[in-house]
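Q: Coordinates in input.pdb, PDB, C-alpha atoms, are listed below.
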```
MODEL        1
ATOM      1  CA  MET A  16       0.000   0.000   0.000  1.00  0.00           C
ATOM      2  CA  ALA A  17       1.361   3.482  -0.996  1.00  0.00           C
ATOM      3  CA  PRO A  18       2.313   5.807   1.730  1.00  0.00           C
ATOM      4  CA  TRP A  19      -0.380   8.418   2.640  1.00  0.00           C
ATOM      5  CA  TRP A  20       1.757  11.319   1.649  1.00  0.00           C
ATOM      6  CA  LEU A  21       2.128   9.987  -1.863  1.00  0.00           C
ATOM      7  CA  THR A  22      -1.578   9.622  -2.219  1.00  0.00           C
ATOM      8  CA  CYS A  23      -2.232  13.234  -1.086  1.00  0.00           C
ATOM      9  CA  SER A  24       0.421  14.599  -3.433  1.00  0.00           C
ATOM     10  CA  THR A  25      -1.025  12.821  -6.429  1.00  0.00           C
ATOM     11  CA  ALA A  26      -4.580  14.109  -5.718  1.00  0.00           C
ATOM     12  CA  VAL A  27      -3.416  17.713  -5.325  1.00  0.00           C
ATOM     13  CA  LEU A  28      -1.560  17.585  -8.620  1.00  0.00           C
ATOM     14  CA  LEU A  29      -4.595  16.295 -10.513  1.00  0.00           C
ATOM     15  CA  LEU A  30      -6.837  18.973  -9.057  1.00  0.00           C
ATOM     16  CA  LEU A  31      -4.455  21.796 -10.089  1.00  0.00           C
ATOM     17  CA  VAL A  32      -4.363  20.501 -13.672  1.00  0.00           C
ATOM     18  CA  HIS A  33      -8.219  20.461 -14.129  1.00  0.00           C
ATOM     19  CA  VAL A  34      -9.583  23.419 -12.181  1.00  0.00           C
ATOM     20  CA  GLY A  35      -6.659  25.872 -11.926  1.00  0.00           C
ATOM     21  CA  PRO A  36      -5.441  27.556  -8.809  1.00  0.00           C
ATOM     22  CA  VAL A  37      -7.555  27.185  -5.710  1.00  0.00           C
ATOM     23  CA  VAL A  38      -7.157  28.258  -2.184  1.00  0.00           C
ATOM     24  CA  THR A  39      -4.837  25.914  -0.444  1.00  0.00           C
ATOM     25  CA  GLN A  40      -6.854  23.743   1.850  1.00  0.00           C
ATOM     26  CA  SER A  41      -5.949  21.139   4.126  1.00  0.00           C
ATOM     27  CA  CYS A  42      -5.576  17.822   2.426  1.00  0.00           C
ATOM     28  CA  SER A  43      -7.945  16.567   4.960  1.00  0.00           C
ATOM     29  CA  SER A  44     -11.065  18.358   3.257  1.00  0.00           C
ATOM     30  CA  GLY A  45     -13.077  16.858   0.320  1.00  0.00           C
ATOM     31  CA  TYR A  46     -12.905  17.828  -3.393  1.00  0.00           C
ATOM     32  CA  PRO A  47     -14.714  21.092  -4.543  1.00  0.00           C
ATOM     33  CA  GLY A  48     -18.137  20.396  -6.085  1.00  0.00           C
ATOM     34  CA  THR A  49     -19.385  21.554  -9.528  1.00  0.00           C
ATOM     35  CA  HIS A  50     -21.286  24.867 -10.036  1.00  0.00           C
ATOM     36  CA  GLY A  51     -24.956  24.752  -9.149  1.00  0.00           C
ATOM     37  CA  ILE A  52     -27.981  25.656 -11.357  1.00  0.00           C
ATOM     38  CA  PRO A  53     -28.502  29.494 -11.663  1.00  0.00           C
ATOM     39  CA  GLY A  54     -31.374  30.722  -9.534  1.00  0.00           C
ATOM     40  CA  THR A  55     -34.472  32.604 -10.864  1.00  0.00           C
ATOM     41  CA  HIS A  56     -34.516  36.431 -11.244  1.00  0.00           C
ATOM     42  CA  GLY A  57     -35.597  38.320  -8.232  1.00  0.00           C
ATOM     43  CA  PRO A  58     -38.410  40.990  -8.195  1.00  0.00           C
ATOM     44  CA  ASN A  59     -37.763  44.451  -9.715  1.00  0.00           C
ATOM     45  CA  GLY A  60     -36.203  46.912  -7.428  1.00  0.00           C
ATOM     46  CA  LEU A  61     -37.822  50.212  -6.331  1.00  0.00           C
ATOM     47  CA  ASP A  62     -37.650  53.317  -8.651  1.00  0.00           C
ATOM     48  CA  GLY A  63     -34.672  55.440  -8.013  1.00  0.00           C
ATOM     49  CA  THR A  64     -34.881  59.153  -7.128  1.00  0.00           C
ATOM     50  CA  LYS A  65     -35.501  61.707  -9.954  1.00  0.00           C
ATOM     51  CA  GLY A  66     -32.275  62.776 -11.563  1.00  0.00           C
ATOM     52  CA  GLU A  67     -31.212  66.360 -12.163  1.00  0.00           C
ATOM     53  CA  LYS A  68     -32.389  68.279 -15.279  1.00  0.00           C
ATOM     54  CA  GLY A  69     -30.118  67.667 -18.201  1.00  0.00           C
ATOM     55  CA  ASP A  70     -28.387  70.341 -20.251  1.00  0.00           C
ATOM     56  CA  PRO A  71     -30.272  71.774 -23.307  1.00  0.00           C
ATOM     57  CA  GLY A  72     -29.534  69.980 -26.532  1.00  0.00           C
ATOM     58  CA  GLU A  73     -28.138  71.652 -29.591  1.00  0.00           C
ATOM     59  CA  ALA A  74     -30.640  73.433 -31.859  1.00  0.00           C
ATOM     60  CA  GLY A  75     -31.675  71.294 -34.783  1.00  0.00           C
ATOM     61  CA  GLN A  76     -31.365  72.484 -38.366  1.00  0.00           C
ATOM     62  CA  PRO A  77     -34.704  72.521 -40.309  1.00  0.00           C
ATOM     63  CA  VAL A  78     -34.699  70.205 -43.229  1.00  0.00           C
ATOM     64  CA  ARG A  79     -36.935  71.256 -46.170  1.00  0.00           C
ATOM     65  CA  GLY A  80     -38.242  68.458 -48.265  1.00  0.00           C
ATOM     66  CA  GLN A  81     -38.835  68.501 -51.995  1.00  0.00           C
ATOM     67  CA  LYS A  82     -41.961  70.217 -53.362  1.00  0.00           C
ATOM     68  CA  GLY A  83     -44.814  67.801 -53.699  1.00  0.00           C
ATOM     69  CA  LEU A  84     -47.054  67.327 -56.735  1.00  0.00           C
ATOM     70  CA  THR A  85     -49.977  69.717 -57.304  1.00  0.00           C
ATOM     71  CA  GLY A  86     -53.133  68.360 -55.734  1.00  0.00           C
ATOM     72  CA  MET A  87     -56.523  68.045 -57.398  1.00  0.00           C
ATOM     73  CA  ARG A  88     -58.610  71.200 -57.691  1.00  0.00           C
ATOM     74  CA  GLY A  89     -61.167  71.482 -54.925  1.00  0.00           C
ATOM     75  CA  PRO A  90     -64.836  72.476 -55.349  1.00  0.00           C
ATOM     76  CA  PRO A  91     -65.644  76.214 -55.537  1.00  0.00           C
ATOM     77  CA  GLY A  92     -66.227  77.874 -52.215  1.00  0.00           C
ATOM     78  CA  ARG A  93     -69.299  79.823 -51.155  1.00  0.00           C
ATOM     79  CA  PRO A  94     -69.586  83.408 -52.434  1.00  0.00           C
ATOM     80  CA  GLY A  95     -68.071  85.913 -50.080  1.00  0.00           C
ATOM     81  CA  LEU A  96     -69.661  89.078 -48.735  1.00  0.00           C
ATOM     82  CA  LYS A  97     -69.994  92.058 -51.042  1.00  0.00           C
ATOM     83  CA  GLY A  98     -66.947  94.266 -50.815  1.00  0.00           C
ATOM     84  CA  ASP A  99     -66.827  98.007 -50.367  1.00  0.00           C
ATOM     85  CA  LEU A 100     -67.334 100.297 -53.330  1.00  0.00           C
ATOM     86  CA  GLY A 101     -64.039 100.857 -55.072  1.00  0.00           C
ATOM     87  CA  LEU A 102     -62.520 104.178 -55.959  1.00  0.00           C
ATOM     88  CA  PRO A 103     -63.460 105.725 -59.323  1.00  0.00           C
ATOM     89  CA  GLY A 104     -61.175 104.644 -62.107  1.00  0.00           C
ATOM     90  CA  PRO A 105     -59.159 107.037 -64.234  1.00  0.00           C
ATOM     91  CA  PRO A 106     -60.900 108.734 -67.152  1.00  0.00           C
ATOM     92  CA  GLY A 107     -61.001 106.702 -70.310  1.00  0.00           C
ATOM     93  CA  ASN A 108     -59.376 107.653 -73.555  1.00  0.00           C
ATOM     94  CA  THR A 109     -61.138 110.139 -75.775  1.00  0.00           C
ATOM     95  CA  GLY A 110     -63.295 108.396 -78.330  1.00  0.00           C
ATOM     96  CA  ARG A 111     -63.025 108.847 -82.046  1.00  0.00           C
ATOM     97  CA  SER A 112     -64.772 111.778 -83.624  1.00  0.00           C
ATOM     98  CA  GLY A 113     -68.115 111.009 -85.181  1.00  0.00           C
ATOM     99  CA  GLU A 114     -68.944 111.427 -88.806  1.00  0.00           C
ATOM    100  CA  LYS A 115     -69.791 114.881 -89.980  1.00  0.00           C
ATOM    101  CA  GLY A 116     -73.524 115.489 -90.002  1.00  0.00           C
ATOM    102  CA  ARG A 117     -75.522 116.539 -92.990  1.00  0.00           C
ATOM    103  CA  PRO A 118     -76.330 120.230 -93.288  1.00  0.00           C
ATOM    104  CA  PHE A 119     -79.770 121.158 -92.000  1.00  0.00           C
ATOM    105  CA  ASN A 120     -82.055 122.928 -94.389  1.00  0.00           C
ATOM    106  CA  THR A 121     -85.333 124.133 -92.943  1.00  0.00           C
ATOM    107  CA  ALA A 122     -86.744 124.376 -96.443  1.00  0.00           C
ATOM    108  CA  ASN A 123     -86.545 120.584 -96.768  1.00  0.00           C
ATOM    109  CA  GLU A 124     -88.183 119.884 -93.401  1.00  0.00           C
ATOM    110  CA  GLN A 125     -91.749 118.664 -93.562  1.00  0.00           C
ATOM    111  CA  LYS A 126     -94.041 120.694 -91.351  1.00  0.00           C
ATOM    112  CA  SER A 127     -97.737 121.046 -90.810  1.00  0.00           C
ATOM    113  CA  PHE A 128     -99.545 122.975 -88.079  1.00  0.00           C
ATOM    114  CA  PHE A 129    -102.559 125.128 -87.313  1.00  0.00           C
ATOM    115  CA  SER A 130    -103.757 127.241 -84.389  1.00  0.00           C
ATOM    116  CA  TYR A 131    -107.229 128.788 -84.542  1.00  0.00           C
ATOM    117  CA  LYS A 132    -109.719 130.407 -82.218  1.00  0.00           C
ATOM    118  CA  ARG A 133    -113.499 130.681 -82.396  1.00  0.00           C
ATOM    119  CA  VAL A 134    -114.988 134.163 -82.323  1.00  0.00           C
ATOM    120  CA  SER A 135    -118.775 133.912 -82.579  1.00  0.00           C
ATOM    121  CA  THR A 136    -121.909 134.684 -80.620  1.00  0.00           C
ATOM    122  CA  ASP A 137    -123.675 131.608 -81.949  1.00  0.00           C
ATOM    123  CA  GLN A 138    -123.959 128.412 -79.928  1.00  0.00           C
ATOM    124  CA  PRO A 139    -122.268 125.538 -81.853  1.00  0.00           C
ATOM    125  CA  GLU A 140    -124.567 122.797 -83.081  1.00  0.00           C
ATOM    126  CA  ALA A 141    -124.380 119.420 -81.292  1.00  0.00           C
ATOM    127  CA  ASP A 142    -122.518 116.570 -83.003  1.00  0.00           C
ATOM    128  CA  THR A 143    -121.118 118.987 -85.581  1.00  0.00           C
ATOM    129  CA  ALA A 144    -117.541 120.248 -85.930  1.00  0.00           C
ATOM    130  CA  ILE A 145    -117.037 123.476 -83.982  1.00  0.00           C
ATOM    131  CA  ASP A 146    -116.048 126.193 -86.426  1.00  0.00           C
ATOM    132  CA  PHE A 147    -112.767 127.758 -85.280  1.00  0.00           C
ATOM    133  CA  ASN A 148    -112.757 130.679 -87.690  1.00  0.00           C
ATOM    134  CA  THR A 149    -109.854 132.970 -86.807  1.00  0.00           C
ATOM    135  CA  GLU A 150    -106.094 132.361 -87.082  1.00  0.00           C
ATOM    136  CA  ILE A 151    -104.096 133.056 -83.910  1.00  0.00           C
ATOM    137  CA  LEU A 152    -100.939 133.993 -85.900  1.00  0.00           C
ATOM    138  CA  PRO A 153    -102.261 135.626 -89.066  1.00  0.00           C
ATOM    139  CA  ASP A 154     -99.164 137.729 -89.801  1.00  0.00           C
ATOM    140  CA  LEU A 155     -96.631 134.936 -90.367  1.00  0.00           C
ATOM    141  CA  GLY A 156     -94.732 134.945 -93.626  1.00  0.00           C
ATOM    142  CA  PRO A 157     -95.724 132.528 -96.390  1.00  0.00           C
ATOM    143  CA  GLN A 158     -92.840 130.150 -95.571  1.00  0.00           C
ATOM    144  CA  PHE A 159     -94.115 129.870 -91.971  1.00  0.00           C
ATOM    145  CA  LYS A 160     -97.817 129.867 -92.711  1.00  0.00           C
ATOM    146  CA  GLY A 161     -99.871 127.145 -91.052  1.00  0.00           C
ATOM    147  CA  GLU A 162    -102.593 124.980 -92.507  1.00  0.00           C
ATOM    148  CA  SER A 163    -106.110 126.291 -92.992  1.00  0.00           C
ATOM    149  CA  LEU A 164    -109.181 124.694 -91.416  1.00  0.00           C
ATOM    150  CA  THR A 165    -112.258 123.845 -93.446  1.00  0.00           C
ATOM    151  CA  ASN A 166    -115.307 124.691 -91.303  1.00  0.00           C
ATOM    152  CA  GLY A 167    -113.210 123.919 -88.218  1.00  0.00           C
ATOM    153  CA  THR A 168    -111.868 120.618 -89.616  1.00  0.00           C
ATOM    154  CA  TYR A 169    -108.144 119.864 -90.170  1.00  0.00           C
ATOM    155  CA  ILE A 170    -107.246 117.794 -93.249  1.00  0.00           C
ATOM    156  CA  SER A 171    -103.901 115.972 -93.084  1.00  0.00           C
ATOM    157  CA  THR A 172    -101.453 116.535 -95.960  1.00  0.00           C
ATOM    158  CA  ILE A 173     -98.497 114.545 -94.503  1.00  0.00           C
ATOM    159  CA  LYS A 174     -98.532 111.026 -93.129  1.00  0.00           C
ATOM    160  CA  GLY A 175     -97.213 111.119 -89.574  1.00  0.00           C
ATOM    161  CA  ILE A 176     -97.738 111.512 -85.830  1.00  0.00           C
ATOM    162  CA  TYR A 177     -99.641 114.630 -84.732  1.00  0.00           C
ATOM    163  CA  PHE A 178    -100.437 116.412 -81.480  1.00  0.00           C
ATOM    164  CA  PHE A 179    -103.792 118.192 -80.909  1.00  0.00           C
ATOM    165  CA  SER A 180    -105.072 120.331 -78.020  1.00  0.00           C
ATOM    166  CA  TYR A 181    -108.104 122.501 -77.257  1.00  0.00           C
ATOM    167  CA  HIS A 182    -109.368 124.976 -74.628  1.00  0.00           C
ATOM    168  CA  ILE A 183    -113.095 125.706 -74.273  1.00  0.00           C
ATOM    169  CA  SER A 184    -114.863 128.079 -71.869  1.00  0.00           C
ATOM    170  CA  ALA A 185    -118.300 127.066 -70.597  1.00  0.00           C
ATOM    171  CA  LYS A 186    -120.827 127.701 -67.868  1.00  0.00           C
ATOM    172  CA  SER A 187    -121.748 124.901 -65.444  1.00  0.00           C
ATOM    173  CA  ARG A 188    -121.062 121.984 -67.796  1.00  0.00           C
ATOM    174  CA  VAL A 189    -119.550 120.974 -71.125  1.00  0.00           C
ATOM    175  CA  CYS A 190    -119.017 117.734 -73.088  1.00  0.00           C
ATOM    176  CA  LEU A 191    -116.693 117.551 -76.117  1.00  0.00           C
ATOM    177  CA  LYS A 192    -115.505 114.908 -78.601  1.00  0.00           C
ATOM    178  CA  LEU A 193    -112.188 114.858 -80.481  1.00  0.00           C
ATOM    179  CA  MET A 194    -113.027 113.201 -83.780  1.00  0.00           C
ATOM    180  CA  LYS A 195    -110.760 111.377 -86.231  1.00  0.00           C
ATOM    181  CA  GLY A 196    -112.936 111.190 -89.309  1.00  0.00           C
ATOM    182  CA  THR A 197    -116.264 109.871 -88.043  1.00  0.00           C
ATOM    183  CA  ASP A 198    -114.734 108.048 -85.065  1.00  0.00           C
ATOM    184  CA  ILE A 199    -114.595 109.439 -81.530  1.00  0.00           C
ATOM    185  CA  HIS A 200    -110.948 109.366 -80.471  1.00  0.00           C
ATOM    186  CA  THR A 201    -111.437 110.949 -77.025  1.00  0.00           C
ATOM    187  CA  SER A 202    -114.374 112.448 -75.164  1.00  0.00           C
ATOM    188  CA  LEU A 203    -114.367 114.710 -72.131  1.00  0.00           C
ATOM    189  CA  CYS A 204    -117.067 116.119 -69.850  1.00  0.00           C
ATOM    190  CA  ASP A 205    -116.532 118.709 -67.151  1.00  0.00           C
ATOM    191  CA  ALA A 206    -118.832 120.463 -64.685  1.00  0.00           C
ATOM    192  CA  ALA A 207    -118.517 123.182 -62.056  1.00  0.00           C
ATOM    193  CA  ASP A 208    -120.524 125.776 -60.155  1.00  0.00           C
ATOM    194  CA  GLY A 209    -120.239 128.835 -62.353  1.00  0.00           C
ATOM    195  CA  PHE A 210    -117.840 129.294 -65.249  1.00  0.00           C
ATOM    196  CA  LEU A 211    -115.066 126.856 -66.166  1.00  0.00           C
ATOM    197  CA  VAL A 212    -112.336 126.316 -68.743  1.00  0.00           C
ATOM    198  CA  THR A 213    -111.866 122.757 -69.901  1.00  0.00           C
ATOM    199  CA  SER A 214    -108.981 121.488 -71.993  1.00  0.00           C
ATOM    200  CA  GLY A 215    -107.746 118.285 -73.526  1.00  0.00           C
ATOM    201  CA  SER A 216    -104.998 116.923 -75.750  1.00  0.00           C
ATOM    202  CA  ALA A 217    -104.141 113.792 -77.697  1.00  0.00           C
ATOM    203  CA  MET A 218    -101.665 112.288 -80.144  1.00  0.00           C
ATOM    204  CA  LEU A 219    -102.958 110.818 -83.392  1.00  0.00           C
ATOM    205  CA  GLU A 220    -101.410 108.896 -86.268  1.00  0.00           C
ATOM    206  CA  LEU A 221    -102.786 110.233 -89.528  1.00  0.00           C
ATOM    207  CA  GLU A 222    -102.691 109.215 -93.135  1.00  0.00           C
ATOM    208  CA  VAL A 223    -102.861 111.741 -95.952  1.00  0.00           C
ATOM    209  CA  GLY A 224    -106.475 112.906 -96.226  1.00  0.00           C
ATOM    210  CA  ASP A 225    -107.512 112.010 -92.652  1.00  0.00           C
ATOM    211  CA  THR A 226    -109.612 114.648 -90.887  1.00  0.00           C
ATOM    212  CA  VAL A 227    -109.585 115.829 -87.253  1.00  0.00           C
ATOM    213  CA  SER A 228    -112.226 118.053 -85.621  1.00  0.00           C
ATOM    214  CA  LEU A 229    -113.721 118.972 -82.249  1.00  0.00           C
ATOM    215  CA  GLU A 230    -117.462 118.485 -81.719  1.00  0.00           C
ATOM    216  CA  SER A 231    -119.821 119.473 -78.944  1.00  0.00           C
ATOM    217  CA  THR A 232    -122.723 117.442 -77.577  1.00  0.00           C
ATOM    218  CA  ARG A 233    -126.143 118.420 -76.327  1.00  0.00           C
ATOM    219  CA  TYR A 234    -124.784 118.343 -72.752  1.00  0.00           C
ATOM    220  CA  ASN A 235    -122.955 121.661 -72.870  1.00  0.00           C
ATOM    221  CA  ASN A 236    -123.305 125.354 -72.291  1.00  0.00           C
ATOM    222  CA  ILE A 237    -120.370 126.887 -74.185  1.00  0.00           C
ATOM    223  CA  VAL A 238    -119.822 130.585 -73.581  1.00  0.00           C
ATOM    224  CA  THR A 239    -120.613 132.694 -76.676  1.00  0.00           C
ATOM    225  CA  SER A 240    -119.429 136.088 -75.451  1.00  0.00           C
ATOM    226  CA  PRO A 241    -117.319 137.978 -78.063  1.00  0.00           C
ATOM    227  CA  SER A 242    -114.643 138.607 -75.403  1.00  0.00           C
ATOM    228  CA  THR A 243    -114.186 134.870 -74.785  1.00  0.00           C
ATOM    229  CA  SER A 244    -112.016 132.777 -77.114  1.00  0.00           C
ATOM    230  CA  HIS A 245    -112.013 129.035 -77.650  1.00  0.00           C
ATOM    231  CA  THR A 246    -108.833 127.570 -79.224  1.00  0.00           C
ATOM    232  CA  PHE A 247    -107.951 124.488 -81.274  1.00  0.00           C
ATOM    233  CA  THR A 248    -104.304 123.709 -82.114  1.00  0.00           C
ATOM    234  CA  GLY A 249    -102.478 120.874 -83.850  1.00  0.00           C
ATOM    235  CA  PHE A 250     -99.065 120.147 -85.363  1.00  0.00           C
ATOM    236  CA  LEU A 251     -96.983 117.394 -86.948  1.00  0.00           C
ATOM    237  CA  ILE A 252     -94.486 115.834 -84.525  1.00  0.00           C
ATOM    238  CA  PHE A 253     -92.683 113.748 -87.154  1.00  0.00           C
ATOM    239  CA  PRO A 254     -93.582 112.207 -90.506  1.00  0.00           C
ATOM    240  CA  THR A 255     -93.812 108.445 -90.904  1.00  0.00           C
ATOM    241  CA  ALA A 256     -93.700 108.241 -94.692  1.00  0.00           C
TER
ENDMDL
END
```
Now that the file is in, can you turn its structure into structure tokens?

A:
Amino acid sequence: MAPWWLTCSTAVLLLLVHVGPVVTQSCSSGYPGTHGIPGTHGPNGLDGTKGEKGDPGEAGQPVRGQKGLTGMRGPPGRPGLKGDLGLPGPPGNTGRSGEKGRPFNTANEQKSFFSYKRVSTDQPEADTAIDFNTEILPDLGPQFKGESLTNGTYISTIKGIYFFSYHISAKSRVCLKLMKGTDIHTSLCDAADGFLVTSGSAMLELEVGDTVSLESTRYNNIVTSPSTSHTFTGFLIFPTA
């Protein structure tokens, strides 16, 4: 049997070869065991205290991206409120001169007119043309002379639009008819306490040869004093031929 010291020396040498340096123990203790199985993780620890505020970071540089594609056109918006009135604009450019007009010659102008008064002490007959027998402007030259009336009736010599008016003095009441040929164009009745002056006017379109007159009716009391005048006037406004 080997001596005990040889046995201890051999065991120590083998242990140094396989596990490296170890704390020198008494040869009387057993061999070191293998590492055990790692244990499970323990519970999380408590939160630490809040740290101090850090230093500000460096300012970042803005980075501009590339321009995107144009989007689709949206629907029209609602009309806005009416704006304030703008300032007047500058004057426009002067327009072109018009064409030179034709010379005016009064001799070539068509004209037709009359203006008569009635001077009579006789009461006019009903439904008959009142005879206006005296010109109001008898002293006009031949080139300005008006048309003559035939028994108080005007006979048209120019086709056109005419204007007619009359003034009649009466007592209490009067009724008159403006006649175009045998047709009543307008009729007028007037009444008052005492004397009155009634008047009327109308525009007529006449053909050559048409007649215009003023007639009374049986419902009238026309004044027949020589100092009272009744007038009947008419003139061509413009020819239509």

Q: Could you tell me how far atom CA of Tyr131 of chain A lies from atom CA of Ser187 of chain A, in Å and to one decimal?

A: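 Between atom CA of Tyr131 of chain A and atom CA of Ser187 of chain A the gap is 24.3 Å.
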
Q: Quick check, in Å to one decimal: how far apart do atom CA of Val227 of chain A and atom CA of Leu155 of chain A lie?

A: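 Atom-to-atom, atom CA of Val227 of chain A to atom CA of Leu155 of chain A, that is 23.3 Å.
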
Q: Neighbouring residues of Ser171 of chain A were defined as those with any atom within 7 Å, considering all atoms listed in the file; residues of the same chain fewer than 5 positions away were excluded. Please report them as a PyMOL selection string.

A: chain A and resi 221-226

Q: Fewer than 4 positions away in the same chain doesn't count, so skip those; otherwise give me all residues within 9 Å of Cys190 of chain A, counting all atoms listed in the file, as a PyMOL selection string.

A: chain A and resi 202-206+230-236

Q: Print the selection's residues with C-alpha atoms to a file, as a tab-separated table (two decimals), in the coordinates of the input.

A:
```tsv
chain	number	residue	atom	x	y	z
A	202	SER	CA	-114.37	112.45	-75.16
A	203	LEU	CA	-114.37	114.71	-72.13
A	204	CYS	CA	-117.07	116.12	-69.85
A	205	ASP	CA	-116.53	118.71	-67.15
A	206	ALA	CA	-118.83	120.46	-64.68
A	230	GLU	CA	-117.46	118.48	-81.72
A	231	SER	CA	-119.82	119.47	-78.94
A	232	THR	CA	-122.72	117.44	-77.58
A	233	ARG	CA	-126.14	118.42	-76.33
A	234	TYR	CA	-124.78	118.34	-72.75
A	235	ASN	CA	-122.96	121.66	-72.87
A	236	ASN	CA	-123.30	125.35	-72.29
```

Q: Interatomic distance between atom CA of Ile170 of chain A and atom CA of Phe147 of chain A?

A: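 Interatomic distance here is 13.9 Å.
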
Q: Using all atoms listed in the file, which of the listed residues (A:Arg133, A:Ile145, A:Gly167, A:Lys160) sits closest to Thr246 of chain A?

A: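 Of A:Arg133, A:Ile145, A:Gly167, A:Lys160, the one nearest Thr246 of chain A, counting all atoms listed in the file, is A:Arg133.
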
Q: Go through the shown structure with the PyMOL selection byres ((chain A and resi 164) around 12) and write out the matching residues as a PDB file with C-alpha atoms, in the coordinates of the input.

A:
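Below is the file out.pdb, written as the result:
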```pdb
ATOM      1  CA  PHE A 128     -99.545 122.975 -88.079  1.00  0.00           C
ATOM      2  CA  PHE A 129    -102.559 125.128 -87.313  1.00  0.00           C
ATOM      3  CA  SER A 130    -103.757 127.241 -84.389  1.00  0.00           C
ATOM      4  CA  TYR A 131    -107.229 128.788 -84.542  1.00  0.00           C
ATOM      5  CA  LYS A 132    -109.719 130.407 -82.218  1.00  0.00           C
ATOM      6  CA  ARG A 133    -113.499 130.681 -82.396  1.00  0.00           C
ATOM      7  CA  ALA A 144    -117.541 120.248 -85.930  1.00  0.00           C
ATOM      8  CA  ILE A 145    -117.037 123.476 -83.982  1.00  0.00           C
ATOM      9  CA  ASP A 146    -116.048 126.193 -86.426  1.00  0.00           C
ATOM     10  CA  PHE A 147    -112.767 127.758 -85.280  1.00  0.00           C
ATOM     11  CA  ASN A 148    -112.757 130.679 -87.690  1.00  0.00           C
ATOM     12  CA  THR A 149    -109.854 132.970 -86.807  1.00  0.00           C
ATOM     13  CA  GLU A 150    -106.094 132.361 -87.082  1.00  0.00           C
ATOM     14  CA  GLY A 161     -99.871 127.145 -91.052  1.00  0.00           C
ATOM     15  CA  GLU A 162    -102.593 124.980 -92.507  1.00  0.00           C
ATOM     16  CA  SER A 163    -106.110 126.291 -92.992  1.00  0.00           C
ATOM     17  CA  THR A 165    -112.258 123.845 -93.446  1.00  0.00           C
ATOM     18  CA  ASN A 166    -115.307 124.691 -91.303  1.00  0.00           C
ATOM     19  CA  GLY A 167    -113.210 123.919 -88.218  1.00  0.00           C
ATOM     20  CA  THR A 168    -111.868 120.618 -89.616  1.00  0.00           C
ATOM     21  CA  TYR A 169    -108.144 119.864 -90.170  1.00  0.00           C
ATOM     22  CA  ILE A 170    -107.246 117.794 -93.249  1.00  0.00           C
ATOM     23  CA  SER A 171    -103.901 115.972 -93.084  1.00  0.00           C
ATOM     24  CA  THR A 226    -109.612 114.648 -90.887  1.00  0.00           C
ATOM     25  CA  VAL A 227    -109.585 115.829 -87.253  1.00  0.00           C
ATOM     26  CA  SER A 228    -112.226 118.053 -85.621  1.00  0.00           C
ATOM     27  CA  LEU A 229    -113.721 118.972 -82.249  1.00  0.00           C
ATOM     28  CA  PHE A 247    -107.951 124.488 -81.274  1.00  0.00           C
ATOM     29  CA  THR A 248    -104.304 123.709 -82.114  1.00  0.00           C
ATOM     30  CA  GLY A 249    -102.478 120.874 -83.850  1.00  0.00           C
TER      31      GLY A 249
END
```

Q: Written as a PyMOL selection string, what is the full residue list that the PyMOL selection byres ((chain A and resi 239) around 10) yields on the file shown?

A: chain A and resi 133-139+184-185+236-238+240-245

Q: Written as a ChimeraX atom specification, what is the full residue list that the PyMOL selection byres ((chain A and resi 200) around 12) yields on the file shown?

A: /A:179,191-199,201-203,215-220,226-230

Q: May I have the residues from that selection written out with C-alpha atoms, as a JSON list (two decimals), keeping the file's coordinate frame?

A:
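Full text of selection33.json as output:
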```
[["chain", "number", "residue", "atom", "x", "y", "z"],
["A", 179, "PHE", "CA", -103.79, 118.19, -80.91],
["A", 191, "LEU", "CA", -116.69, 117.55, -76.12],
["A", 192, "LYS", "CA", -115.50, 114.91, -78.60],
["A", 193, "LEU", "CA", -112.19, 114.86, -80.48],
["A", 194, "MET", "CA", -113.03, 113.20, -83.78],
["A", 195, "LYS", "CA", -110.76, 111.38, -86.23],
["A", 196, "GLY", "CA", -112.94, 111.19, -89.31],
["A", 197, "THR", "CA", -116.26, 109.87, -88.04],
["A", 198, "ASP", "CA", -114.73, 108.05, -85.06],
["A", 199, "ILE", "CA", -114.60, 109.44, -81.53],
["A", 201, "THR", "CA", -111.44, 110.95, -77.03],
["A", 202, "SER", "CA", -114.37, 112.45, -75.16],
["A", 203, "LEU", "CA", -114.37, 114.71, -72.13],
["A", 215, "GLY", "CA", -107.75, 118.28, -73.53],
["A", 216, "SER", "CA", -105.00, 116.92, -75.75],
["A", 217, "ALA", "CA", -104.14, 113.79, -77.70],
["A", 218, "MET", "CA", -101.66, 112.29, -80.14],
["A", 219, "LEU", "CA", -102.96, 110.82, -83.39],
["A", 220, "GLU", "CA", -101.41, 108.90, -86.27],
["A", 226, "THR", "CA", -109.61, 114.65, -90.89],
["A", 227, "VAL", "CA", -109.58, 115.83, -87.25],
["A", 228, "SER", "CA", -112.23, 118.05, -85.62],
["A", 229, "LEU", "CA", -113.72, 118.97, -82.25],
["A", 230, "GLU", "CA", -117.46, 118.48, -81.72]]
```
